[in-house]
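Here is the file run_0.cif (mmCIF, C-alpha atoms and all ligand atoms).
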```
data_model
loop_
_atom_site.label_atom_id
_atom_site.label_comp_id
_atom_site.auth_asym_id
_atom_site.auth_seq_id
_atom_site.Cartn_x
_atom_site.Cartn_y
_atom_site.Cartn_z
CA MET P 1158 13.58 -17.53 -10.37
CA MET P 1159 15.35 -15.04 -8.10
CA ILE P 1160 18.44 -14.78 -5.92
CA CYS P 1161 16.98 -13.47 -2.68
CA THR P 1162 18.43 -10.83 -0.39
CA LEU P 1163 15.12 -9.16 0.40
CA CYS P 1164 15.32 -9.37 4.18
CA PRO P 1165 18.16 -8.96 6.70
CA ARG P 1166 18.95 -12.70 6.53
CA ARG P 1167 20.37 -11.92 3.05
CA CYS P 1168 20.44 -15.62 2.21
CA GLY P 1169 21.54 -15.12 -1.40
CA VAL P 1170 19.83 -18.37 -2.38
CA THR P 1171 17.64 -19.19 -5.33
CA ARG P 1172 13.88 -19.05 -4.92
CA ASP P 1173 11.94 -20.48 -7.82
CA ALA P 1174 8.21 -20.56 -8.44
CA HIS P 1175 7.50 -23.43 -6.08
CA SER P 1176 10.45 -23.84 -3.71
CA GLY P 1177 13.02 -21.89 -1.79
CA SER P 1178 16.07 -22.86 0.25
CA GLY P 1179 16.52 -19.68 2.29
CA PHE P 1180 15.85 -19.17 5.98
CA CYS P 1181 12.15 -18.58 5.21
CA ARG P 1182 11.93 -21.63 2.87
CA LEU P 1183 9.48 -19.65 0.74
CA PRO P 1184 9.06 -19.97 -3.01
CA GLU P 1185 8.96 -16.99 -5.32
CA GLU P 1186 5.20 -17.28 -5.91
CA MET P 1187 3.03 -15.85 -3.15
CA LEU P 1188 1.75 -18.24 -0.49
CA ILE P 1189 -1.17 -16.77 1.45
CA ALA P 1190 -2.94 -18.20 4.49
CA ARG P 1191 -5.90 -15.86 4.84
CA ILE P 1192 -7.54 -12.93 3.05
CA ALA P 1193 -10.47 -11.48 4.96
CA PRO P 1194 -11.72 -8.41 6.82
CA HIS P 1195 -10.04 -8.31 10.22
CA LEU P 1196 -11.43 -6.32 13.15
CA TRP P 1197 -8.72 -6.83 15.75
CA GLU P 1198 -6.00 -4.41 14.75
CA GLU P 1199 -5.70 -1.00 16.42
CA PRO P 1200 -8.72 1.32 15.90
CA PRO P 1201 -6.95 3.55 13.31
CA ILE P 1202 -6.24 0.45 11.20
CA SER P 1203 -9.42 -1.62 11.65
CA GLY P 1204 -11.99 1.10 12.36
CA THR P 1205 -15.50 -0.33 12.60
CA ARG P 1206 -15.53 -2.30 9.33
CA GLY P 1207 -12.12 -3.91 9.59
CA THR P 1208 -8.91 -3.91 7.61
CA GLY P 1209 -8.69 -6.11 4.54
CA ALA P 1210 -6.00 -8.38 5.94
CA VAL P 1211 -3.75 -10.46 3.68
CA PHE P 1212 -1.83 -12.90 5.88
CA PHE P 1213 1.18 -14.04 3.88
CA SER P 1214 2.67 -17.43 4.69
CA GLY P 1215 6.15 -17.66 6.13
CA CYS P 1216 8.21 -15.19 8.10
CA THR P 1217 11.74 -13.85 7.96
CA LEU P 1218 11.97 -13.66 11.76
CA ARG P 1219 10.07 -16.71 13.10
CA CYS P 1220 9.91 -15.87 16.81
CA ALA P 1221 9.93 -18.98 18.98
CA TYR P 1222 6.73 -17.87 20.74
CA CYS P 1223 4.78 -16.93 17.60
CA GLN P 1224 1.00 -16.98 17.94
CA ASN P 1225 0.62 -17.91 14.26
CA GLY P 1226 3.13 -20.76 14.05
CA ASP P 1227 1.20 -22.69 11.39
CA ILE P 1228 1.74 -19.91 8.89
CA SER P 1229 4.97 -18.30 10.11
CA HIS P 1230 6.98 -21.45 10.92
CA ARG P 1231 5.21 -24.09 8.85
CA ASN P 1232 4.31 -21.96 5.79
CA MET P 1233 0.68 -23.11 5.58
CA GLY P 1234 -1.01 -21.36 2.68
CA ARG P 1235 -2.24 -21.36 -0.89
CA THR P 1236 -0.46 -20.10 -3.98
CA PHE P 1237 -1.73 -16.81 -5.42
CA THR P 1238 -0.75 -15.07 -8.63
CA PRO P 1239 -0.70 -11.25 -8.72
CA ALA P 1240 -3.92 -11.34 -10.79
CA GLN P 1241 -5.64 -13.51 -8.19
CA LEU P 1242 -4.51 -11.31 -5.33
CA ALA P 1243 -5.63 -8.21 -7.24
CA ASP P 1244 -9.10 -9.78 -7.53
CA SER P 1245 -9.11 -10.44 -3.78
CA LEU P 1246 -8.10 -6.86 -3.03
CA ARG P 1247 -10.96 -5.66 -5.21
CA ARG P 1248 -13.41 -7.87 -3.30
CA LEU P 1249 -12.10 -6.60 0.05
CA THR P 1250 -12.48 -3.02 -1.15
CA ASP P 1251 -16.06 -3.72 -2.29
CA MET P 1252 -16.82 -5.12 1.19
CA GLY P 1253 -16.14 -1.67 2.65
CA VAL P 1254 -12.99 -2.24 4.70
CA HIS P 1255 -11.17 0.90 5.81
CA THR P 1256 -7.62 -0.18 4.93
CA ILE P 1257 -5.69 -3.02 3.27
CA SER P 1258 -3.04 -4.75 5.39
CA PHE P 1259 -0.14 -6.75 3.96
CA ILE P 1260 1.03 -8.90 6.87
CA THR P 1261 4.59 -10.35 6.92
CA ALA P 1262 4.82 -9.70 3.20
CA THR P 1263 8.54 -8.94 2.78
CA PRO P 1264 9.54 -12.10 0.84
CA TYR P 1265 6.92 -11.24 -1.78
CA VAL P 1266 7.57 -7.55 -2.22
CA HIS P 1267 8.08 -7.81 -5.99
CA ARG P 1268 4.89 -9.82 -6.46
CA ILE P 1269 2.93 -7.30 -4.38
CA LEU P 1270 4.22 -4.43 -6.51
CA GLU P 1271 3.07 -6.38 -9.59
CA THR P 1272 -0.32 -6.87 -7.95
CA LEU P 1273 -0.70 -3.17 -7.26
CA GLU P 1274 0.06 -2.43 -10.90
CA LEU P 1275 -3.04 -4.47 -11.72
CA TYR P 1276 -5.25 -3.00 -9.02
CA ARG P 1277 -4.43 -0.28 -6.54
CA PRO P 1278 -7.16 -0.18 -3.87
CA PRO P 1279 -8.38 3.38 -3.15
CA LEU P 1280 -7.60 2.83 0.53
CA PRO P 1281 -4.60 3.29 2.82
CA LEU P 1282 -2.15 0.43 2.30
CA VAL P 1283 -0.64 -0.90 5.54
CA TRP P 1284 2.66 -2.80 5.79
CA ASN P 1285 2.37 -4.94 8.93
CA THR P 1286 5.83 -6.28 9.74
CA SER P 1287 8.05 -7.78 12.41
CA GLY P 1288 10.28 -4.74 12.00
CA TYR P 1289 13.05 -7.00 10.71
CA GLU P 1290 13.48 -5.27 7.36
CA THR P 1291 16.30 -3.88 5.29
CA VAL P 1292 16.29 -0.22 4.36
CA GLU P 1293 16.91 -1.25 0.72
CA THR P 1294 13.70 -3.27 0.56
CA LEU P 1295 11.72 -0.57 2.35
CA ARG P 1296 12.87 1.91 -0.31
CA LEU P 1297 11.01 -0.22 -2.89
CA LEU P 1298 7.85 0.63 -0.96
CA ASP P 1299 8.48 4.35 -0.68
CA GLY P 1300 5.45 6.14 -2.14
CA VAL P 1301 3.48 2.87 -2.35
CA ILE P 1302 2.80 2.04 1.29
CA ASP P 1303 0.85 4.64 3.27
CA VAL P 1304 1.07 3.23 6.78
CA TYR P 1305 3.79 1.15 8.42
CA LEU P 1306 2.86 -1.03 11.37
CA PRO P 1307 6.17 -2.49 12.59
CA ASP P 1308 6.78 -4.51 15.71
CA LEU P 1309 9.66 -3.49 17.93
CA LYS P 1310 10.44 -6.66 19.84
CA HIS P 1311 13.84 -6.98 21.46
CA ARG P 1312 16.47 -4.56 22.71
CA SER P 1313 19.30 -6.88 23.62
CA GLU P 1314 21.34 -8.95 21.25
CA ALA P 1315 20.88 -11.93 23.56
CA MET P 1316 17.07 -11.85 23.39
CA GLY P 1317 17.06 -11.31 19.64
CA ARG P 1318 19.30 -14.34 19.25
CA LEU P 1319 17.41 -16.48 21.76
CA CYS P 1320 13.90 -15.72 20.48
CA ALA P 1321 14.51 -15.40 16.75
CA ARG P 1322 18.11 -16.28 15.88
CA ALA P 1323 18.55 -12.59 15.10
CA GLY P 1324 21.16 -11.02 17.33
CA ASP P 1325 21.03 -8.00 15.01
CA TYR P 1326 17.29 -7.54 15.59
CA PHE P 1327 17.41 -4.20 17.39
CA ASP P 1328 20.06 -2.60 15.18
CA THR P 1329 18.16 -3.72 12.09
CA ALA P 1330 14.64 -2.87 13.28
CA SER P 1331 15.62 0.51 14.67
CA ALA P 1332 17.19 1.48 11.31
CA ALA P 1333 14.10 0.14 9.50
CA ILE P 1334 11.66 2.07 11.70
CA THR P 1335 13.71 5.23 11.25
CA GLU P 1336 13.36 4.75 7.49
CA MET P 1337 9.60 4.09 7.80
CA VAL P 1338 9.09 7.32 9.75
CA ARG P 1339 11.23 9.17 7.20
CA GLN P 1340 8.93 7.94 4.43
CA THR P 1341 5.58 8.56 6.09
CA GLY P 1342 6.14 11.42 8.50
CA LEU P 1343 3.88 11.77 11.53
CA PRO P 1344 0.40 10.20 11.44
CA VAL P 1345 -2.46 11.73 9.50
CA TYR P 1346 -6.00 10.60 10.32
CA SER P 1347 -9.25 10.71 8.33
CA ASP P 1348 -12.48 12.12 9.73
CA GLU P 1349 -13.37 8.55 10.72
CA GLY P 1350 -10.14 8.26 12.74
CA ILE P 1351 -8.43 5.96 10.23
CA MET P 1352 -4.69 6.44 9.80
CA THR P 1353 -4.21 7.45 6.19
CA ARG P 1354 -0.47 7.97 6.50
CA GLY P 1355 2.08 7.36 9.21
CA THR P 1356 3.96 4.77 11.22
CA MET P 1357 2.68 3.09 14.38
CA ILE P 1358 5.04 0.92 16.43
CA ARG P 1359 3.79 -2.19 18.18
CA HIS P 1360 5.45 -3.59 21.24
CA LEU P 1361 4.47 -6.87 22.91
CA ILE P 1362 5.54 -7.05 26.55
CA LEU P 1363 7.20 -10.40 27.33
CA PRO P 1364 7.14 -12.02 30.78
CA GLY P 1365 10.12 -11.18 32.94
CA LEU P 1366 11.46 -8.74 30.36
CA THR P 1367 10.00 -5.37 31.34
CA GLY P 1368 13.53 -3.92 31.31
CA GLU P 1369 13.68 -4.62 27.56
CA SER P 1370 10.29 -2.96 27.08
CA ILE P 1371 11.39 0.14 28.94
CA ALA P 1372 14.63 0.39 26.96
CA LEU P 1373 12.67 0.15 23.71
CA LEU P 1374 10.22 2.85 24.76
CA ASP P 1375 13.19 5.03 25.71
CA TRP P 1376 14.61 4.51 22.21
CA VAL P 1377 11.30 5.56 20.60
CA HIS P 1378 11.25 8.66 22.79
CA ASP P 1379 14.88 9.61 22.19
CA ALA P 1380 15.39 8.64 18.54
CA LEU P 1381 12.10 9.39 16.76
CA PRO P 1382 10.12 12.59 16.33
CA GLN P 1383 7.58 13.27 19.06
CA GLY P 1384 4.16 12.01 17.93
CA VAL P 1385 4.96 8.54 16.54
CA PRO P 1386 2.34 6.37 18.26
CA VAL P 1387 3.09 3.16 20.13
CA SER P 1388 0.63 0.30 20.53
CA LEU P 1389 1.52 -1.42 23.80
CA MET P 1390 0.35 -5.02 23.75
CA ARG P 1391 -0.13 -7.19 26.80
CA GLN P 1392 -1.65 -10.30 25.21
CA TYR P 1393 1.41 -12.56 25.31
CA VAL P 1394 0.46 -16.19 25.80
CA PRO P 1395 2.91 -19.08 25.37
CA CYS P 1396 2.33 -20.47 21.87
CA ASN P 1397 4.03 -22.69 19.31
CA ASN P 1398 5.34 -25.00 22.11
CA VAL P 1399 7.80 -22.29 23.09
CA ASP P 1400 10.58 -23.83 25.20
CA ILE P 1401 12.45 -20.70 26.27
CA LYS P 1402 12.87 -20.42 30.02
CA GLY P 1403 10.59 -17.78 31.48
CA LEU P 1404 8.34 -17.43 28.42
CA ASN P 1405 5.92 -20.10 29.63
CA ARG P 1406 3.42 -17.74 31.25
CA PRO P 1407 1.40 -14.58 30.45
CA ILE P 1408 2.68 -11.29 31.85
CA THR P 1409 1.45 -10.18 35.25
CA ALA P 1410 -0.65 -7.11 35.97
CA ARG P 1411 2.34 -5.64 37.78
CA GLU P 1412 4.63 -6.09 34.78
CA TYR P 1413 2.09 -4.47 32.52
CA LYS P 1414 1.63 -1.54 34.90
CA ARG P 1415 5.38 -0.95 35.09
CA VAL P 1416 5.73 -0.65 31.31
CA ARG P 1417 2.48 1.26 30.84
CA ASP P 1418 3.46 3.78 33.51
CA HIS P 1419 6.80 4.29 31.81
CA MET P 1420 5.12 4.92 28.45
CA ILE P 1421 2.84 7.47 30.10
CA SER P 1422 5.78 9.14 31.86
CA LEU P 1423 7.50 9.56 28.45
CA ASP P 1424 4.30 11.11 27.09
CA LEU P 1425 4.30 8.74 24.13
CA PRO P 1426 0.98 8.77 22.23
CA GLY P 1427 -0.65 5.49 21.30
CA PHE P 1428 -2.79 2.62 22.41
CA LEU P 1429 -2.96 0.42 25.47
CA GLN P 1430 -4.48 -2.98 25.02
CA GLU P 1431 -7.32 -4.39 27.08
CA ARG P 1432 -6.63 -7.45 29.17
CA THR P 1433 -9.43 -9.46 27.52
CA SER P 1434 -7.33 -9.96 24.39
CA ALA P 1435 -4.79 -12.16 26.24
CA SER P 1436 -6.17 -15.31 24.70
CA ALA P 1437 -5.23 -17.73 21.96
CA GLU P 1438 -8.89 -17.47 20.84
CA TYR P 1439 -7.92 -14.35 18.93
CA VAL P 1440 -5.85 -16.34 16.47
CA PRO P 1441 -7.86 -16.23 13.22
CA LEU P 1442 -8.65 -19.25 11.09
CA PHE P 1443 -6.00 -19.93 8.47
CA GLY P 1444 -5.89 -22.02 5.32
CA GLN P 1445 -9.57 -23.06 5.20
CA ASP P 1446 -11.97 -22.29 2.34
CA GLU P 1447 -13.69 -19.73 4.57
CA SER P 1448 -10.32 -18.03 5.19
CA PHE P 1449 -10.44 -16.36 1.76
CA VAL P 1450 -12.88 -13.73 0.49
S1 LIG P 1501 13.21 -13.40 2.19
FE1 LIG P 1501 13.68 -15.54 2.73
S2 LIG P 1501 15.18 -16.24 1.19
FE2 LIG P 1501 15.06 -13.97 1.06
S3 LIG P 1501 16.75 -13.25 2.32
FE3 LIG P 1501 14.91 -13.32 3.64
S4 LIG P 1501 14.88 -15.37 4.61
FE4 LIG P 1501 16.36 -15.39 2.90
#
```

Let me see the structure of the file written as C-alpha cells.
Amino acid sequence: MMICTLCPRRCGVTRDAHSGSGFCRLPEEMLIARIAPHLWEEPPISGTRGTGAVFFSGCTLRCAYCQNGDISHRNMGRTFTPAQLADSLRRLTDMGVHTISFITATPYVHRILETLELYRPPLPLVWNTSGYETVETLRLLDGVIDVYLPDLKHRSEAMGRLCARAGDYFDTASAAITEMVRQTGLPVYSDEGIMTRGTMIRHLILPGLTGESIALLDWVHDALPQGVPVSLMRQYVPCNNVDIKGLNRPITAREYKRVRDHMISLDLPGFLQERTSASAEYVPLFGQDESFV
C-alpha cells in the first residue's frame, strides 16, 4: 500500500495491490499490456532488431487523442510481479534486442527499481514518457536510466488543459526535460548507431497548431544545450473518439513543411518521420497472449 505523489498530479491517494483511486486509477502492482520486441521507435532506439518494449498500462497524462486509448485510458493489462517482469526482460535480452524501453512507467517506478535489482539487462535502458514527470521522481532514476525519450506536447496552458487536463504541462515537462538532459548529457551512440546514453525529445505535430510546434522547437533551441536531438512526428490521426474541435483530421503536408523547415532553420539535430507512418495500423496488439514474450 502506498500514498502516491509520483507524478505531477500529486493525488496523495492510497494505491493498494489491486486498486487505486488517483487520476490514473492504477493499483500498486504493475499492470502491463505488452512486452515484445518493437521495431517502430527511432533508429537509435530500435536499430534493426528492435527495442524490448514494455508497455505499461495506464497513463498520468491521458491525452484526449491518444493512439493507445485501451491501455492509457482504460488500463487494459495483466498484473506482473517484479520477478515476472525480470524474467521477461531476460527473455527480451536473449532475443537480441538493442535496448529495453519502459513506456509510460512512472506510476510503477518503485516496482521497476525492484525488478532491476533482480535482473539488470546489459543493454541501454530507455524511459519513454509523456514528459509529464516530476523532478523528484526522475531523481529516483538518476544513474539507472540511460536514455530518456520524452514527448514535448503542448506549449500553451490552454492546449495542455484542453487535451490532457494539465494546464501545467509545459512548465512541468520543460523542467522534467531539463532534468533528464542534466542526468544524461548529450547523446552517445554505439558503433551500431544505438543511443547508449542521452535524451531525445519527441514532438507530434497537431493539426492547426503549428504555432505551438514552433514555440516548442524554439524552447529546445534556446533552453537546452546544442545537440539534444528532436524526433519530429507527423503521424497524428484522430483516435480514441477525440471530440476536440480541429483535432479530427491528420496534419497537412503544408503544416508539416512549416514545422520541419523551422526545425531545420534552428539547426536542431534529430529525425523527421516518413509520411507512411500516419496510420492507425501502427498501433501494436495489446493484451493478447501473443502480446507477451
Ligand atoms: S501516479 Fe497516479 S495516483 Fe500517483 S500521483 Fe500520478 S495520477 Fe496520482

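Here CA of Leu1306 in chain P is placed at a distance of 13.3 Å from CA of Ile1351 in chain P.
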
For Asn1285 in chain P: contacts at 12 Å, all atoms listed in the file, fewer than 4 positions along chain excluded, given as a short mmCIF file (atom, residue, chain, number, x, y, z; two decimals) with C-alpha atoms, in the coordinates of the input:
```cif
data_model
loop_
_atom_site.label_atom_id
_atom_site.label_comp_id
_atom_site.auth_asym_id
_atom_site.auth_seq_id
_atom_site.Cartn_x
_atom_site.Cartn_y
_atom_site.Cartn_z
CA GLU P 1198 -6.00 -4.41 14.75
CA GLU P 1199 -5.70 -1.00 16.42
CA ILE P 1202 -6.24 0.45 11.20
CA THR P 1208 -8.91 -3.91 7.61
CA GLY P 1209 -8.69 -6.11 4.54
CA ALA P 1210 -6.00 -8.38 5.94
CA VAL P 1211 -3.75 -10.46 3.68
CA PHE P 1212 -1.83 -12.90 5.88
CA PHE P 1213 1.18 -14.04 3.88
CA CYS P 1216 8.21 -15.19 8.10
CA THR P 1256 -7.62 -0.18 4.93
CA ILE P 1257 -5.69 -3.02 3.27
CA SER P 1258 -3.04 -4.75 5.39
CA PHE P 1259 -0.14 -6.75 3.96
CA ILE P 1260 1.03 -8.90 6.87
CA THR P 1261 4.59 -10.35 6.92
CA ALA P 1262 4.82 -9.70 3.20
CA THR P 1263 8.54 -8.94 2.78
CA TYR P 1289 13.05 -7.00 10.71
CA GLU P 1290 13.48 -5.27 7.36
CA ILE P 1302 2.80 2.04 1.29
CA ASP P 1303 0.85 4.64 3.27
CA VAL P 1304 1.07 3.23 6.78
CA TYR P 1305 3.79 1.15 8.42
CA LEU P 1306 2.86 -1.03 11.37
CA PRO P 1307 6.17 -2.49 12.59
CA ASP P 1308 6.78 -4.51 15.71
CA LEU P 1309 9.66 -3.49 17.93
CA ILE P 1334 11.66 2.07 11.70
CA MET P 1337 9.60 4.09 7.80
CA THR P 1356 3.96 4.77 11.22
CA MET P 1357 2.68 3.09 14.38
CA ILE P 1358 5.04 0.92 16.43
CA ARG P 1359 3.79 -2.19 18.18
#
```

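Distance check against ligand LIG 1501 (chain P) using all atoms listed in the file: of P:Arg1248, P:Arg1231, P:His1311, P:Arg1219, the minimum falls on P:Arg1219.
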
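Excluding range 1382-1388 of chain P and any residue on its chain fewer than 6 positions from it, the residues at most 9 Å away by all atoms listed in the file are Glu1199, Val1338, Gly1342, Leu1343, Pro1344, Gly1355, Thr1356, Met1357, Ile1358, Arg1359, His1360, Leu1361, Leu1374, Met1420, Asp1424, Leu1425, Pro1426, Gly1427, Phe1428, Leu1429 and Gln1430 of chain P.
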
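Near Ala1190 in chain P, within 7 Å and counting only C-alpha atoms, sit Leu1188, Phe1212, Phe1213, Ser1214, Ile1228, Met1233, Gly1234, Arg1235, Phe1443 and Gly1444 of chain P; same-chain residues fewer than 2 positions away were not included.
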
Could you dump the residues just selected with C-alpha atoms as a compact mmCIF listing (two decimals), in the frame of the given file?
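Output saved as again13.txt:
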```txt
# COMPACT_ATOMS: atom_id res chain seq x y z
CA LEU P 1188 1.75 -18.24 -0.49
CA PHE P 1212 -1.83 -12.90 5.88
CA PHE P 1213 1.18 -14.04 3.88
CA SER P 1214 2.67 -17.43 4.69
CA ILE P 1228 1.74 -19.91 8.89
CA MET P 1233 0.68 -23.11 5.58
CA GLY P 1234 -1.01 -21.36 2.68
CA ARG P 1235 -2.24 -21.36 -0.89
CA PHE P 1443 -6.00 -19.93 8.47
CA GLY P 1444 -5.89 -22.02 5.32
```

### Query
Between P:Thr1162, P:Asn1225, P:Ser1245, P:Ser1422, which one has atoms that come closest to His1378 in chain P, using all atoms listed in the file?
P:Ser1422

### Message
Neighbours of ligand LIG 1501 (chain P) at 10 Å or closer, counting all atoms listed in the file: which residues, as a PyMOL selection string?
### Response
chain P and resi 1159-1172+1177-1185+1215-1219+1262-1266+1289-1291

### Query
By how many Å are CA of Trp1376 in chain P and CA of Arg1339 in chain P apart?
16.1 Å

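Between CA of Ser1287 in chain P and CA of Lys1310 in chain P lies a distance of 7.9 Å.
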
### Query
Which residue out of P:Thr1409, P:Thr1353, P:Asn1397, P:Gln1445 has the minimum interatomic distance to Ser1229 in chain P when all atoms listed in the file are used?
P:Asn1397

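For Leu1404 in chain P, the residues within 9 Å (counting all atoms listed in the file, excluding itself and residues fewer than 2 positions away along the chain) are P:Tyr1222, P:Leu1363, P:Pro1364, P:Gly1365, P:Val1394, P:Pro1395, P:Val1399, P:Asp1400, P:Ile1401, P:Lys1402, P:Arg1406, P:Pro1407.
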
Please, could you write that set of residues out with C-alpha atoms as a compact mmCIF listing (two decimals), in the coordinates of the input?
```txt
# COMPACT_ATOMS: atom_id res chain seq x y z
CA TYR P 1222 6.73 -17.87 20.74
CA LEU P 1363 7.20 -10.40 27.33
CA PRO P 1364 7.14 -12.02 30.78
CA GLY P 1365 10.12 -11.18 32.94
CA VAL P 1394 0.46 -16.19 25.80
CA PRO P 1395 2.91 -19.08 25.37
CA VAL P 1399 7.80 -22.29 23.09
CA ASP P 1400 10.58 -23.83 25.20
CA ILE P 1401 12.45 -20.70 26.27
CA LYS P 1402 12.87 -20.42 30.02
CA ARG P 1406 3.42 -17.74 31.25
CA PRO P 1407 1.40 -14.58 30.45
```

Enclose the full set of atoms of range 1398-1404 of chain P listed in the file within a box whose edges lie along x, y and z, apply 3 Å of padding to each of the six sides, and report centre and edge lengths in Å to one decimal as lines of an AutoDock Vina configuration file.
```
center_x = 9.1
center_y = -21.2
center_z = 26.8
size_x = 13.5
size_y = 13.6
size_z = 15.4
```

### Task
Write out as a PyMOL selection string which residues come within 6 Å of Met1352 in chain P when counting only C-alpha atoms, dropping same-chain ones fewer than 3 positions away.
chain P and resi 1201+1345-1346

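The shortest atom-to-atom distance to Ser1313 in chain P, with only C-alpha atoms taken into account, belongs to P:Tyr1326 out of P:Leu1389, P:Glu1271, P:Tyr1326, P:Tyr1276.
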
Missing atoms in range 1176-1196 of chain P should be modelled up to N, CA and C atoms and reported as a PDB file, in the frame of the given file.
```
ATOM      1  N   SER P1176       9.619 -23.432  -4.848  1.00  0.00           N
ATOM      2  CA  SER P1176      10.450 -23.840  -3.710  1.00  0.00           C
ATOM      3  C   SER P1176      11.494 -22.774  -3.415  1.00  0.00           C
ATOM      4  N   GLY P1177      11.986 -22.833  -2.191  1.00  0.00           N
ATOM      5  CA  GLY P1177      13.020 -21.890  -1.790  1.00  0.00           C
ATOM      6  C   GLY P1177      13.873 -22.525  -0.711  1.00  0.00           C
ATOM      7  N   SER P1178      15.173 -22.234  -0.713  1.00  0.00           N
ATOM      8  CA  SER P1178      16.070 -22.860   0.250  1.00  0.00           C
ATOM      9  C   SER P1178      16.649 -21.860   1.247  1.00  0.00           C
ATOM     10  N   GLY P1179      16.039 -20.666   1.341  1.00  0.00           N
ATOM     11  CA  GLY P1179      16.520 -19.680   2.290  1.00  0.00           C
ATOM     12  C   GLY P1179      15.989 -19.938   3.697  1.00  0.00           C
ATOM     13  N   PHE P1180      16.322 -19.053   4.602  1.00  0.00           N
ATOM     14  CA  PHE P1180      15.850 -19.170   5.980  1.00  0.00           C
ATOM     15  C   PHE P1180      14.329 -19.325   6.024  1.00  0.00           C
ATOM     16  N   CYS P1181      13.623 -18.560   5.178  1.00  0.00           N
ATOM     17  CA  CYS P1181      12.150 -18.580   5.210  1.00  0.00           C
ATOM     18  C   CYS P1181      11.560 -19.788   4.489  1.00  0.00           C
ATOM     19  N   ARG P1182      12.360 -20.469   3.664  1.00  0.00           N
ATOM     20  CA  ARG P1182      11.930 -21.630   2.870  1.00  0.00           C
ATOM     21  C   ARG P1182      10.753 -21.304   1.948  1.00  0.00           C
ATOM     22  N   LEU P1183      10.623 -20.053   1.555  1.00  0.00           N
ATOM     23  CA  LEU P1183       9.480 -19.650   0.740  1.00  0.00           C
ATOM     24  C   LEU P1183       9.830 -19.671  -0.741  1.00  0.00           C
ATOM     25  N   PRO P1184       8.861 -20.059  -1.564  1.00  0.00           N
ATOM     26  CA  PRO P1184       9.060 -19.970  -3.010  1.00  0.00           C
ATOM     27  C   PRO P1184       8.905 -18.531  -3.471  1.00  0.00           C
ATOM     28  N   GLU P1185       9.099 -18.338  -4.769  1.00  0.00           N
ATOM     29  CA  GLU P1185       8.960 -16.990  -5.320  1.00  0.00           C
ATOM     30  C   GLU P1185       7.473 -16.605  -5.436  1.00  0.00           C
ATOM     31  N   GLU P1186       6.636 -17.576  -5.807  1.00  0.00           N
ATOM     32  CA  GLU P1186       5.200 -17.280  -5.910  1.00  0.00           C
ATOM     33  C   GLU P1186       4.623 -17.049  -4.521  1.00  0.00           C
ATOM     34  N   MET P1187       3.599 -16.199  -4.452  1.00  0.00           N
ATOM     35  CA  MET P1187       3.030 -15.850  -3.150  1.00  0.00           C
ATOM     36  C   MET P1187       2.263 -17.034  -2.550  1.00  0.00           C
ATOM     37  N   LEU P1188       2.551 -17.306  -1.288  1.00  0.00           N
ATOM     38  CA  LEU P1188       1.750 -18.240  -0.490  1.00  0.00           C
ATOM     39  C   LEU P1188       0.980 -17.380   0.514  1.00  0.00           C
ATOM     40  N   ILE P1189      -0.321 -17.604   0.590  1.00  0.00           N
ATOM     41  CA  ILE P1189      -1.170 -16.770   1.450  1.00  0.00           C
ATOM     42  C   ILE P1189      -2.063 -17.679   2.282  1.00  0.00           C
ATOM     43  N   ALA P1190      -2.184 -17.352   3.563  1.00  0.00           N
ATOM     44  CA  ALA P1190      -2.940 -18.200   4.490  1.00  0.00           C
ATOM     45  C   ALA P1190      -4.349 -17.683   4.772  1.00  0.00           C
ATOM     46  N   ARG P1191      -4.562 -16.406   4.558  1.00  0.00           N
ATOM     47  CA  ARG P1191      -5.900 -15.860   4.840  1.00  0.00           C
ATOM     48  C   ARG P1191      -6.028 -14.494   4.178  1.00  0.00           C
ATOM     49  N   ILE P1192      -7.204 -14.267   3.588  1.00  0.00           N
ATOM     50  CA  ILE P1192      -7.540 -12.930   3.050  1.00  0.00           C
ATOM     51  C   ILE P1192      -8.965 -12.649   3.491  1.00  0.00           C
ATOM     52  N   ALA P1193      -9.134 -11.720   4.404  1.00  0.00           N
ATOM     53  CA  ALA P1193     -10.470 -11.480   4.960  1.00  0.00           C
ATOM     54  C   ALA P1193     -10.468 -10.172   5.738  1.00  0.00           C
ATOM     55  N   PRO P1194     -11.641  -9.558   5.914  1.00  0.00           N
ATOM     56  CA  PRO P1194     -11.720  -8.410   6.820  1.00  0.00           C
ATOM     57  C   PRO P1194     -11.309  -8.832   8.227  1.00  0.00           C
ATOM     58  N   HIS P1195     -10.596  -7.972   8.909  1.00  0.00           N
ATOM     59  CA  HIS P1195     -10.040  -8.310  10.220  1.00  0.00           C
ATOM     60  C   HIS P1195     -10.305  -7.118  11.147  1.00  0.00           C
ATOM     61  N   LEU P1196     -10.953  -7.400  12.272  1.00  0.00           N
ATOM     62  CA  LEU P1196     -11.430  -6.320  13.150  1.00  0.00           C
ATOM     63  C   LEU P1196     -10.508  -6.062  14.327  1.00  0.00           C
TER      64      LEU P1196
END
```
